[in-house]
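File shown: model.cif. Contents: mmCIF, C-alpha atoms.
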data_data
#
loop_
_atom_site.group_PDB
_atom_site.id
_atom_site.type_symbol
_atom_site.label_atom_id
_atom_site.label_comp_id
_atom_site.auth_asym_id
_atom_site.auth_seq_id
_atom_site.Cartn_x
_atom_site.Cartn_y
_atom_site.Cartn_z
ATOM 1 C CA MET A 1 -23.429 5.839 0.130
ATOM 2 C CA THR A 2 -21.082 6.161 3.083
ATOM 3 C CA ALA A 3 -18.653 8.836 4.087
ATOM 4 C CA GLU A 4 -15.417 8.050 5.897
ATOM 5 C CA ARG A 5 -14.563 10.862 8.272
ATOM 6 C CA THR A 6 -12.501 9.783 11.242
ATOM 7 C CA GLY A 7 -10.635 12.939 12.261
ATOM 8 C CA ALA A 8 -11.887 14.806 15.328
ATOM 9 C CA ASP A 9 -11.681 18.120 13.467
ATOM 10 C CA ASP A 10 -13.878 16.770 10.653
ATOM 11 C CA VAL A 11 -16.456 15.480 13.130
ATOM 12 C CA ASP A 12 -16.550 18.752 15.075
ATOM 13 C CA ARG A 13 -16.913 20.731 11.858
ATOM 14 C CA THR A 14 -19.867 18.602 10.728
ATOM 15 C CA LEU A 15 -21.558 18.818 14.119
ATOM 16 C CA ALA A 16 -21.141 22.592 14.127
ATOM 17 C CA LEU A 17 -22.893 22.763 10.751
ATOM 18 C CA LEU A 18 -25.708 20.471 11.844
ATOM 19 C CA TRP A 19 -26.323 22.497 15.002
ATOM 20 C CA ARG A 20 -25.685 25.915 13.471
ATOM 21 C CA ALA A 21 -29.099 27.164 14.646
ATOM 22 C CA ARG A 22 -27.766 26.896 18.200
ATOM 23 C CA GLY A 23 -24.636 28.843 17.426
ATOM 24 C CA GLY A 24 -22.675 25.844 16.208
ATOM 25 C CA ALA A 25 -21.569 27.489 12.970
ATOM 26 C CA THR A 26 -21.783 30.875 11.306
ATOM 27 C CA GLU A 27 -21.680 32.071 7.733
ATOM 28 C CA PRO A 28 -18.297 33.144 6.303
ATOM 29 C CA THR A 29 -17.274 36.572 7.609
ATOM 30 C CA ARG A 30 -14.212 37.384 5.501
ATOM 31 C CA GLY A 31 -14.307 39.562 2.412
ATOM 32 C CA ARG A 32 -17.525 40.651 0.809
ATOM 33 C CA ARG A 33 -20.907 40.063 2.387
ATOM 34 C CA PRO A 34 -21.990 36.456 1.776
ATOM 35 C CA THR A 35 -24.520 36.005 -1.004
ATOM 36 C CA LEU A 36 -25.425 32.447 0.013
ATOM 37 C CA THR A 37 -26.560 30.714 3.164
ATOM 38 C CA ILE A 38 -26.129 27.143 4.295
ATOM 39 C CA GLU A 39 -29.910 26.798 4.174
ATOM 40 C CA ARG A 40 -30.006 27.828 0.502
ATOM 41 C CA ILE A 41 -27.193 25.453 -0.342
ATOM 42 C CA VAL A 42 -28.873 22.523 1.398
ATOM 43 C CA ALA A 43 -32.240 23.305 -0.209
ATOM 44 C CA ALA A 44 -30.634 23.415 -3.654
ATOM 45 C CA ALA A 45 -28.802 20.136 -3.056
ATOM 46 C CA VAL A 46 -32.012 18.431 -1.909
ATOM 47 C CA ALA A 47 -33.834 19.706 -5.001
ATOM 48 C CA VAL A 48 -31.111 18.337 -7.287
ATOM 49 C CA ALA A 49 -31.107 14.959 -5.530
ATOM 50 C CA ASP A 50 -34.914 14.794 -5.670
ATOM 51 C CA ALA A 51 -34.842 15.382 -9.408
ATOM 52 C CA ASP A 52 -31.763 13.463 -10.519
ATOM 53 C CA GLY A 53 -30.501 11.301 -7.656
ATOM 54 C CA LEU A 54 -27.887 11.709 -4.966
ATOM 55 C CA ALA A 55 -24.915 11.307 -7.293
ATOM 56 C CA ALA A 56 -26.055 14.376 -9.234
ATOM 57 C CA ALA A 57 -25.873 16.574 -6.121
ATOM 58 C CA SER A 58 -22.183 17.347 -6.513
ATOM 59 C CA MET A 59 -20.662 20.535 -5.198
ATOM 60 C CA HIS A 60 -20.235 21.706 -8.806
ATOM 61 C CA ARG A 61 -23.863 20.998 -9.750
ATOM 62 C CA VAL A 62 -25.264 22.628 -6.615
ATOM 63 C CA ALA A 63 -23.085 25.704 -7.140
ATOM 64 C CA LYS A 64 -24.308 25.947 -10.730
ATOM 65 C CA GLU A 65 -27.934 25.775 -9.570
ATOM 66 C CA LEU A 66 -27.238 28.650 -7.194
ATOM 67 C CA GLY A 67 -25.375 30.698 -9.780
ATOM 68 C CA ALA A 68 -22.186 30.577 -7.722
ATOM 69 C CA GLY A 69 -18.673 29.294 -8.185
ATOM 70 C CA THR A 70 -17.889 25.811 -6.940
ATOM 71 C CA MET A 71 -15.126 27.069 -4.659
ATOM 72 C CA THR A 72 -17.603 29.473 -3.060
ATOM 73 C CA LEU A 73 -19.577 26.532 -1.713
ATOM 74 C CA TYR A 74 -16.489 25.203 0.048
ATOM 75 C CA THR A 75 -16.419 28.326 2.217
ATOM 76 C CA TYR A 76 -19.778 27.216 3.610
ATOM 77 C CA VAL A 77 -19.629 23.410 3.498
ATOM 78 C CA PRO A 78 -16.320 21.476 3.570
ATOM 79 C CA GLY A 79 -17.355 18.875 1.005
ATOM 80 C CA LYS A 80 -19.921 16.447 -0.419
ATOM 81 C CA ALA A 81 -19.936 14.163 2.620
ATOM 82 C CA GLU A 82 -20.841 17.006 4.955
ATOM 83 C CA LEU A 83 -23.399 18.281 2.469
ATOM 84 C CA VAL A 84 -25.120 14.888 2.410
ATOM 85 C CA ASP A 85 -25.271 14.874 6.218
ATOM 86 C CA LEU A 86 -26.948 18.276 6.115
ATOM 87 C CA MET A 87 -29.370 17.135 3.417
ATOM 88 C CA VAL A 88 -30.399 14.027 5.332
ATOM 89 C CA ASP A 89 -30.949 15.863 8.582
ATOM 90 C CA ASP A 90 -32.856 18.638 6.829
ATOM 91 C CA VAL A 91 -35.274 16.034 5.476
ATOM 92 C CA LEU A 92 -35.596 14.422 8.911
ATOM 93 C CA VAL A 93 -36.332 17.795 10.502
ATOM 94 C CA GLY A 94 -39.060 18.178 7.878
ATOM 95 C CA ARG A 95 -41.015 15.335 9.480
ATOM 96 C CA ARG A 96 -41.942 17.834 12.211
ATOM 97 C CA LEU A 97 -42.521 15.241 14.895
ATOM 98 C CA PRO A 98 -44.060 16.598 18.113
ATOM 99 C CA GLY A 99 -41.436 17.634 20.635
ATOM 100 C CA PRO A 100 -41.653 17.727 24.432
ATOM 101 C CA GLY A 101 -44.847 19.454 25.531
ATOM 102 C CA GLU A 102 -46.254 19.711 22.004
ATOM 103 C CA PRO A 103 -49.638 18.185 21.074
ATOM 104 C CA ARG A 104 -49.597 14.591 19.888
ATOM 105 C CA PRO A 105 -52.142 11.782 19.468
ATOM 106 C CA ALA A 106 -53.491 10.490 22.776
ATOM 107 C CA ASP A 107 -53.049 6.784 22.043
ATOM 108 C CA TRP A 108 -49.467 5.499 22.042
ATOM 109 C CA ARG A 109 -50.019 3.340 18.975
ATOM 110 C CA GLU A 110 -51.330 6.360 17.093
ATOM 111 C CA GLN A 111 -48.186 8.222 18.135
ATOM 112 C CA VAL A 112 -46.065 5.454 16.583
ATOM 113 C CA ALA A 113 -48.288 5.565 13.493
ATOM 114 C CA LEU A 114 -47.544 9.288 13.177
ATOM 115 C CA TYR A 115 -43.794 8.592 13.224
ATOM 116 C CA ALA A 116 -44.234 5.850 10.636
ATOM 117 C CA GLN A 117 -46.431 7.946 8.369
ATOM 118 C CA ARG A 118 -44.165 10.986 8.325
ATOM 119 C CA THR A 119 -41.021 8.923 7.919
ATOM 120 C CA ARG A 120 -42.442 7.034 4.963
ATOM 121 C CA GLU A 121 -43.643 10.307 3.437
ATOM 122 C CA ALA A 122 -40.104 11.708 3.768
ATOM 123 C CA TYR A 123 -38.655 8.724 1.917
ATOM 124 C CA ARG A 124 -41.323 8.910 -0.785
ATOM 125 C CA ALA A 125 -40.630 12.603 -1.339
ATOM 126 C CA HIS A 126 -36.852 12.080 -1.326
ATOM 127 C CA PRO A 127 -36.086 8.620 -2.802
ATOM 128 C CA TRP A 128 -32.332 9.285 -2.659
ATOM 129 C CA LEU A 129 -32.508 8.683 1.091
ATOM 130 C CA CYS A 130 -32.326 4.960 0.379
ATOM 131 C CA GLU A 131 -28.841 5.537 -1.049
ATOM 132 C CA VAL A 132 -27.517 6.949 2.223
ATOM 133 C CA SER A 133 -26.247 4.631 4.948
ATOM 134 C CA ARG A 134 -28.026 5.195 8.248
ATOM 135 C CA VAL A 135 -25.663 2.944 10.218
ATOM 136 C CA ARG A 136 -23.685 5.991 11.374
ATOM 137 C CA PRO A 137 -26.276 8.746 11.077
ATOM 138 C CA PRO A 138 -25.643 12.486 11.226
ATOM 139 C CA LEU A 139 -26.197 13.515 14.846
ATOM 140 C CA GLY A 140 -28.293 16.513 13.947
ATOM 141 C CA PRO A 141 -31.601 17.936 15.162
ATOM 142 C CA GLY A 142 -33.683 15.786 12.809
ATOM 143 C CA GLN A 143 -32.048 12.524 13.835
ATOM 144 C CA LEU A 144 -32.330 13.289 17.531
ATOM 145 C CA ALA A 145 -35.922 14.526 17.238
ATOM 146 C CA GLY A 146 -36.948 11.148 15.826
ATOM 147 C CA GLN A 147 -35.154 9.232 18.562
ATOM 148 C CA GLU A 148 -36.523 11.485 21.296
ATOM 149 C CA TYR A 149 -40.047 11.067 19.979
ATOM 150 C CA LEU A 150 -39.948 7.265 19.944
ATOM 151 C CA LEU A 151 -38.153 7.066 23.296
ATOM 152 C CA SER A 152 -40.723 9.367 24.874
ATOM 153 C CA ILE A 153 -43.519 7.026 23.761
ATOM 154 C CA MET A 154 -41.838 3.961 25.250
ATOM 155 C CA ASP A 155 -40.864 5.854 28.395
ATOM 156 C CA GLU A 156 -44.461 6.991 28.904
ATOM 157 C CA LEU A 157 -45.559 3.353 28.714
ATOM 158 C CA GLY A 158 -43.420 2.694 31.781
ATOM 159 C CA LEU A 159 -40.881 0.380 30.166
ATOM 160 C CA PRO A 160 -37.523 0.077 31.967
ATOM 161 C CA PRO A 161 -34.742 2.104 30.283
ATOM 162 C CA ARG A 162 -33.142 -0.815 28.432
ATOM 163 C CA GLN A 163 -36.471 -2.125 27.160
ATOM 164 C CA ALA A 164 -37.589 1.393 26.221
ATOM 165 C CA ALA A 165 -34.412 1.897 24.193
ATOM 166 C CA ALA A 166 -34.720 -1.537 22.558
ATOM 167 C CA ALA A 167 -38.391 -0.976 21.672
ATOM 168 C CA ALA A 168 -37.772 2.508 20.260
ATOM 169 C CA ASN A 169 -34.763 1.344 18.240
ATOM 170 C CA GLY A 170 -36.671 -1.693 16.986
ATOM 171 C CA ILE A 171 -39.575 0.417 15.760
ATOM 172 C CA GLY A 172 -37.285 3.014 14.204
ATOM 173 C CA THR A 173 -35.212 0.378 12.411
ATOM 174 C CA TYR A 174 -38.300 -1.421 11.096
ATOM 175 C CA VAL A 175 -40.000 1.730 9.836
ATOM 176 C CA ASP A 176 -36.838 3.184 8.293
ATOM 177 C CA ALA A 177 -35.949 -0.085 6.553
ATOM 178 C CA ASN A 178 -39.397 -0.417 5.014
ATOM 179 C CA ALA A 179 -39.453 3.246 4.048
ATOM 180 C CA ALA A 180 -36.086 2.752 2.334
ATOM 181 C CA LEU A 181 -37.450 -0.197 0.354
ATOM 182 C CA GLY A 182 -40.318 1.948 -0.836
ATOM 183 C CA ALA A 183 -37.917 4.715 -1.802
ATOM 184 C CA GLU A 184 -35.725 2.259 -3.691
ATOM 185 C CA ASN A 185 -38.767 1.084 -5.623
ATOM 186 C CA THR A 186 -39.631 4.688 -6.517
ATOM 187 C CA ARG A 187 -36.042 5.381 -7.554
ATOM 188 C CA LEU A 188 -35.929 2.287 -9.780
ATOM 189 C CA GLU A 189 -39.224 3.141 -11.442
ATOM 190 C CA ARG A 190 -37.950 6.640 -12.191
ATOM 191 C CA SER A 191 -34.561 5.529 -13.488
ATOM 192 C CA THR A 192 -35.816 2.618 -15.612
ATOM 193 C CA GLY A 193 -39.194 3.988 -16.651
ATOM 194 C CA GLN A 194 -40.695 0.626 -15.733
ATOM 195 C CA SER A 195 -43.151 0.005 -12.896
ATOM 196 C CA THR A 196 -42.629 -2.859 -10.475
ATOM 197 C CA GLU A 197 -45.837 -4.458 -11.745
ATOM 198 C CA ALA A 198 -44.511 -4.340 -15.295
ATOM 199 C CA TRP A 199 -41.200 -5.842 -14.124
ATOM 200 C CA TRP A 200 -43.000 -8.824 -12.589
ATOM 201 C CA HIS A 201 -45.281 -9.226 -15.613
ATOM 202 C CA GLN A 202 -42.220 -9.350 -17.855
ATOM 203 C CA ARG A 203 -41.053 -12.377 -15.875
ATOM 204 C CA SER A 204 -44.353 -14.256 -15.897
ATOM 205 C CA THR A 205 -42.833 -17.095 -17.941
ATOM 206 C CA PHE A 206 -40.617 -17.941 -14.974
ATOM 207 C CA TRP A 207 -43.494 -19.709 -13.207
ATOM 208 C CA GLU A 208 -44.188 -21.917 -16.211
ATOM 209 C CA ASN A 209 -40.620 -22.709 -17.250
ATOM 210 C CA TYR A 210 -38.533 -22.723 -14.069
ATOM 211 C CA PHE A 211 -40.704 -22.930 -10.953
ATOM 212 C CA VAL A 212 -40.583 -26.413 -9.383
ATOM 213 C CA VAL A 213 -43.630 -27.107 -7.220
ATOM 214 C CA ASP A 214 -42.033 -29.982 -5.298
ATOM 215 C CA ALA A 215 -39.176 -27.760 -4.181
ATOM 216 C CA HIS A 216 -41.509 -24.989 -3.033
ATOM 217 C CA PRO A 217 -44.639 -26.667 -1.636
ATOM 218 C CA ALA A 218 -45.479 -23.944 0.904
ATOM 219 C CA MET A 219 -45.115 -21.221 -1.709
ATOM 220 C CA ASN A 220 -47.371 -23.175 -4.057
ATOM 221 C CA ARG A 221 -50.057 -23.700 -1.401
ATOM 222 C CA ILE A 222 -50.049 -19.993 -0.500
ATOM 223 C CA TRP A 223 -50.195 -19.103 -4.186
ATOM 224 C CA LEU A 224 -53.161 -21.382 -4.863
ATOM 225 C CA GLY A 225 -54.868 -20.049 -1.730
ATOM 226 C CA GLY A 226 -54.722 -16.473 -3.024
ATOM 227 C CA GLY A 227 -51.847 -15.297 -0.862
ATOM 228 C CA PHE A 228 -50.211 -13.463 -3.746
ATOM 229 C CA ASP A 229 -53.317 -12.192 -5.526
ATOM 230 C CA ALA A 230 -52.728 -8.545 -4.587
ATOM 231 C CA SER A 231 -50.421 -6.240 -6.526
ATOM 232 C CA ALA A 232 -46.763 -6.036 -5.539
ATOM 233 C CA LYS A 233 -47.361 -2.643 -3.942
ATOM 234 C CA ALA A 234 -50.389 -3.864 -2.004
ATOM 235 C CA GLN A 235 -48.470 -6.921 -0.796
ATOM 236 C CA GLY A 236 -45.652 -4.682 0.369
ATOM 237 C CA ASP A 237 -48.035 -2.392 2.238
ATOM 238 C CA GLN A 238 -49.794 -5.357 3.835
ATOM 239 C CA ALA A 239 -46.510 -6.910 4.936
ATOM 240 C CA TYR A 240 -45.374 -3.602 6.426
ATOM 241 C CA GLU A 241 -48.613 -3.008 8.331
ATOM 242 C CA PHE A 242 -48.745 -6.617 9.543
ATOM 243 C CA GLY A 243 -45.188 -6.505 10.847
ATOM 244 C CA LEU A 244 -45.572 -3.160 12.609
ATOM 245 C CA ASP A 245 -48.879 -4.194 14.199
ATOM 246 C CA ARG A 246 -47.375 -7.431 15.524
ATOM 247 C CA MET A 247 -44.386 -5.536 16.923
ATOM 248 C CA LEU A 248 -46.707 -3.139 18.742
ATOM 249 C CA ASP A 249 -48.829 -6.070 19.956
ATOM 250 C CA GLY A 250 -45.699 -7.512 21.539
ATOM 251 C CA ILE A 251 -44.891 -4.245 23.299
ATOM 252 C CA GLN A 252 -48.497 -3.989 24.483
ATOM 253 C CA ALA A 253 -48.318 -7.530 25.894
ATOM 254 C CA LEU A 254 -45.111 -6.662 27.706
ATOM 255 C CA VAL A 255 -46.590 -3.512 29.221
ATOM 256 C CA SER A 256 -49.800 -5.252 30.276
ATOM 257 C CA GLY A 257 -47.901 -8.066 32.001
ATOM 258 C CA ASP A 258 -48.913 -10.807 29.593
ATOM 259 C CA PRO A 259 -46.939 -13.908 30.649
ATOM 260 C CA ASP A 260 -46.036 -14.575 27.003
ATOM 261 C CA GLY A 261 -44.491 -11.092 26.566
ATOM 262 C CA ARG A 262 -40.750 -11.149 26.037
#

Take the structure in the file and write it out as structure tokens.
Amino acid sequence: MTAERTGADDVDRTLALLWRARGGATEPTRGRRPTLTIERIVAAAVAVADADGLAAASMHRVAKELGAGTMTLYTYVPGKAELVDLMVDDVLVGRRLPGPGEPRPADWREQVALYAQRTREAYRAHPWLCEVSRVRPPLGPGQLAGQEYLLSIMDELGLPPRQAAAAANGIGTYVDANAALGAENTRLERSTGQSTEAWWHQRSTFWENYFVVDAHPAMNRIWLGGGFDASAKAQGDQAYEFGLDRMLDGIQALVSGDPDGR
């Protein structure tokens, strides 16, 4: 899901909502005393999306969950696009990554592991996140906390600014992409009622009727050697851990002055 908002007023309004805790936005002041808060609205929208998917979290549905009129919500949040931005950043804030001066693991790889663990947990708890484009993310506290955390790790390693930014962005992109795949798997299992293992089992005849060994010799050798013996979930976890470890090995080699580091 993407939201097209190009006007400066729209952008400023969204940023004010995202940073409302710092005085960026206030609750409506006209008429009767407000019965809702932005926090309640966002929490209700997240709950709806968790239960029934992002599409279900319409302004009308969220208002109904809160026992309010749909138009009332528009006095707090301009529309669905802004609401989704608030939902995403609320979930990212919920990772509670250590900020400047706060306790964190001593080893830098363990610090990265903490980011990875909490990010994957966020996607597992809120599978609808995989439906939201992160190409142009909401510039809220949660988004910036994640970037600051990863950048601080790379900066502490002594990497030059450009390499620190590249390393932090590379790790963030890798972790987020894999977390999104896991969330998509969860979402599909919920919507279809069929596990991924059952989906693959249903297609077991493919290997007998359509798979051509001569066209896929490497795949066949890996198969016969036990490369695919684990469950689909286990294979996914192993691939994720292998890739992240090799990425961190490369950063370690670069920091230590290994001549093969790039």

Next item on the list: Enumerate, as number ranges by chain, the residues matched when the PyMOL selection byres ((chain A and resi 115) around 9) is run on the file above.
Entry: A: 95, 97, 110-114, 116-120, 146, 149-150, 172, 175

Notebook entry, point to check: Which distance in Å separates CA of Ala122 (chain A) and CA of Gln235 (chain A), to one decimal?
Noted result: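 These two atoms are separated by 20.9 Å.
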
Next item on the list: Name the closest residue to Thr173 (chain A) among the candidates A:Lys80, A:Arg134, A:Arg187, A:Arg96; distances are taken between atoms, counting all atoms listed in the file.
Entry: A:Arg134

Notebook entry, point to check: With distances taken over only C-alpha atoms, which of A:Ala165, A:Asn178, A:Ile41, A:Leu144 is nearest to Thr70 (chain A)?
Noted result: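 So, comparing all the options, the nearest one is A:Ile41.
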
Item checked: Point-to-point distance from CA of Thr205 (chain A) to CA of Leu188 (chain A), Å rounded to tenths ->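 Interatomic distance here is 22.1 Å.
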
Box for region 66-71 of chain A: with edges along x, y and z, all listed atoms inside and 3 Å added on each side, what are the centre and edge lengths in Å to one decimal, as JSON?
{"center_x": -21.2, "center_y": 28.3, "center_z": -7.2, "size_x": 18.1, "size_y": 10.9, "size_z": 11.1}

If you apply the PyMOL selection byres ((chain A and resi 63-69) around 12) to this file, what residues do you get, as a compact mmCIF listing (two decimals) with C-alpha atoms, in the coordinates of the input?
# COMPACT_ATOMS: atom_id res chain seq x y z
CA PRO A 34 -21.99 36.46 1.78
CA THR A 35 -24.52 36.01 -1.00
CA LEU A 36 -25.42 32.45 0.01
CA THR A 37 -26.56 30.71 3.16
CA ILE A 38 -26.13 27.14 4.30
CA GLU A 39 -29.91 26.80 4.17
CA ARG A 40 -30.01 27.83 0.50
CA ILE A 41 -27.19 25.45 -0.34
CA VAL A 42 -28.87 22.52 1.40
CA ALA A 43 -32.24 23.30 -0.21
CA ALA A 44 -30.63 23.42 -3.65
CA ALA A 45 -28.80 20.14 -3.06
CA VAL A 46 -32.01 18.43 -1.91
CA ALA A 47 -33.83 19.71 -5.00
CA VAL A 48 -31.11 18.34 -7.29
CA ALA A 49 -31.11 14.96 -5.53
CA ALA A 56 -26.06 14.38 -9.23
CA ALA A 57 -25.87 16.57 -6.12
CA SER A 58 -22.18 17.35 -6.51
CA MET A 59 -20.66 20.54 -5.20
CA HIS A 60 -20.24 21.71 -8.81
CA ARG A 61 -23.86 21.00 -9.75
CA VAL A 62 -25.26 22.63 -6.62
CA THR A 70 -17.89 25.81 -6.94
CA MET A 71 -15.13 27.07 -4.66
CA THR A 72 -17.60 29.47 -3.06
CA LEU A 73 -19.58 26.53 -1.71
CA TYR A 74 -16.49 25.20 0.05
CA THR A 75 -16.42 28.33 2.22
CA TYR A 76 -19.78 27.22 3.61
CA VAL A 77 -19.63 23.41 3.50
CA LYS A 80 -19.92 16.45 -0.42

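Those residues returned by the PyMOL selection byres ((chain A and resi 99) around 8) for this file are Leu97, Pro98, Pro100, Gly101, Glu102, Ala145, Glu148 and Tyr149 of chain A.
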
Could I get the residues of region 32-127 of chain A with an atom no further than 12 Å from an atom of region 181-185 of chain A, each paired with its nearest atom pair and that distance in Å to one decimal, using only C-alpha atoms, sorted by chain and residue number, as a Markdown table?
| residue | atom | partner | partner_atom | distance |
| --- | --- | --- | --- | --- |
| A:Asp50 | CA | A:Ala183 | CA | 11.2 |
| A:Gly53 | CA | A:Glu184 | CA | 11.2 |
| A:Thr119 | CA | A:Ala183 | CA | 11.0 |
| A:Arg120 | CA | A:Gly182 | CA | 8.0 |
| A:Glu121 | CA | A:Ala183 | CA | 9.6 |
| A:Ala122 | CA | A:Ala183 | CA | 9.2 |
| A:Tyr123 | CA | A:Ala183 | CA | 5.5 |
| A:Arg124 | CA | A:Ala183 | CA | 5.5 |
| A:Ala125 | CA | A:Ala183 | CA | 8.4 |
| A:His126 | CA | A:Ala183 | CA | 7.5 |
| A:Pro127 | CA | A:Ala183 | CA | 4.4 |

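Atom pair CA of Cys130 (chain A) / CA of Asp90 (chain A): separated by 15.1 Å.
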
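Closest to Pro105 (chain A) among A:Ala234, A:Val11, A:Ala177, A:Ile153 is A:Ile153, based on all atoms listed in the file.
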
Notebook entry, point to check: Given the choices A:Leu159, A:Trp128, A:Arg22, A:Asp9, which gets closest to Gln252 (chain A) if the distance is worked out from only C-alpha atoms?
Noted result: A:Leu159

Item checked: Proximity to Met154 (chain A) - best of A:Pro78, A:Gly170, A:Gly236, A:Gly94, only C-alpha atoms ->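 Among the listed residues, A:Gly170 lies closest to Met154 (chain A).
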
Check: Quick one: of A:Gly79, A:Pro103, A:Pro217, A:Gly142, who's nearest to Trp19 (chain A), counting all atoms listed in the file?
Finding: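 Answer, going by the shortest atom-to-atom distance: A:Gly142.
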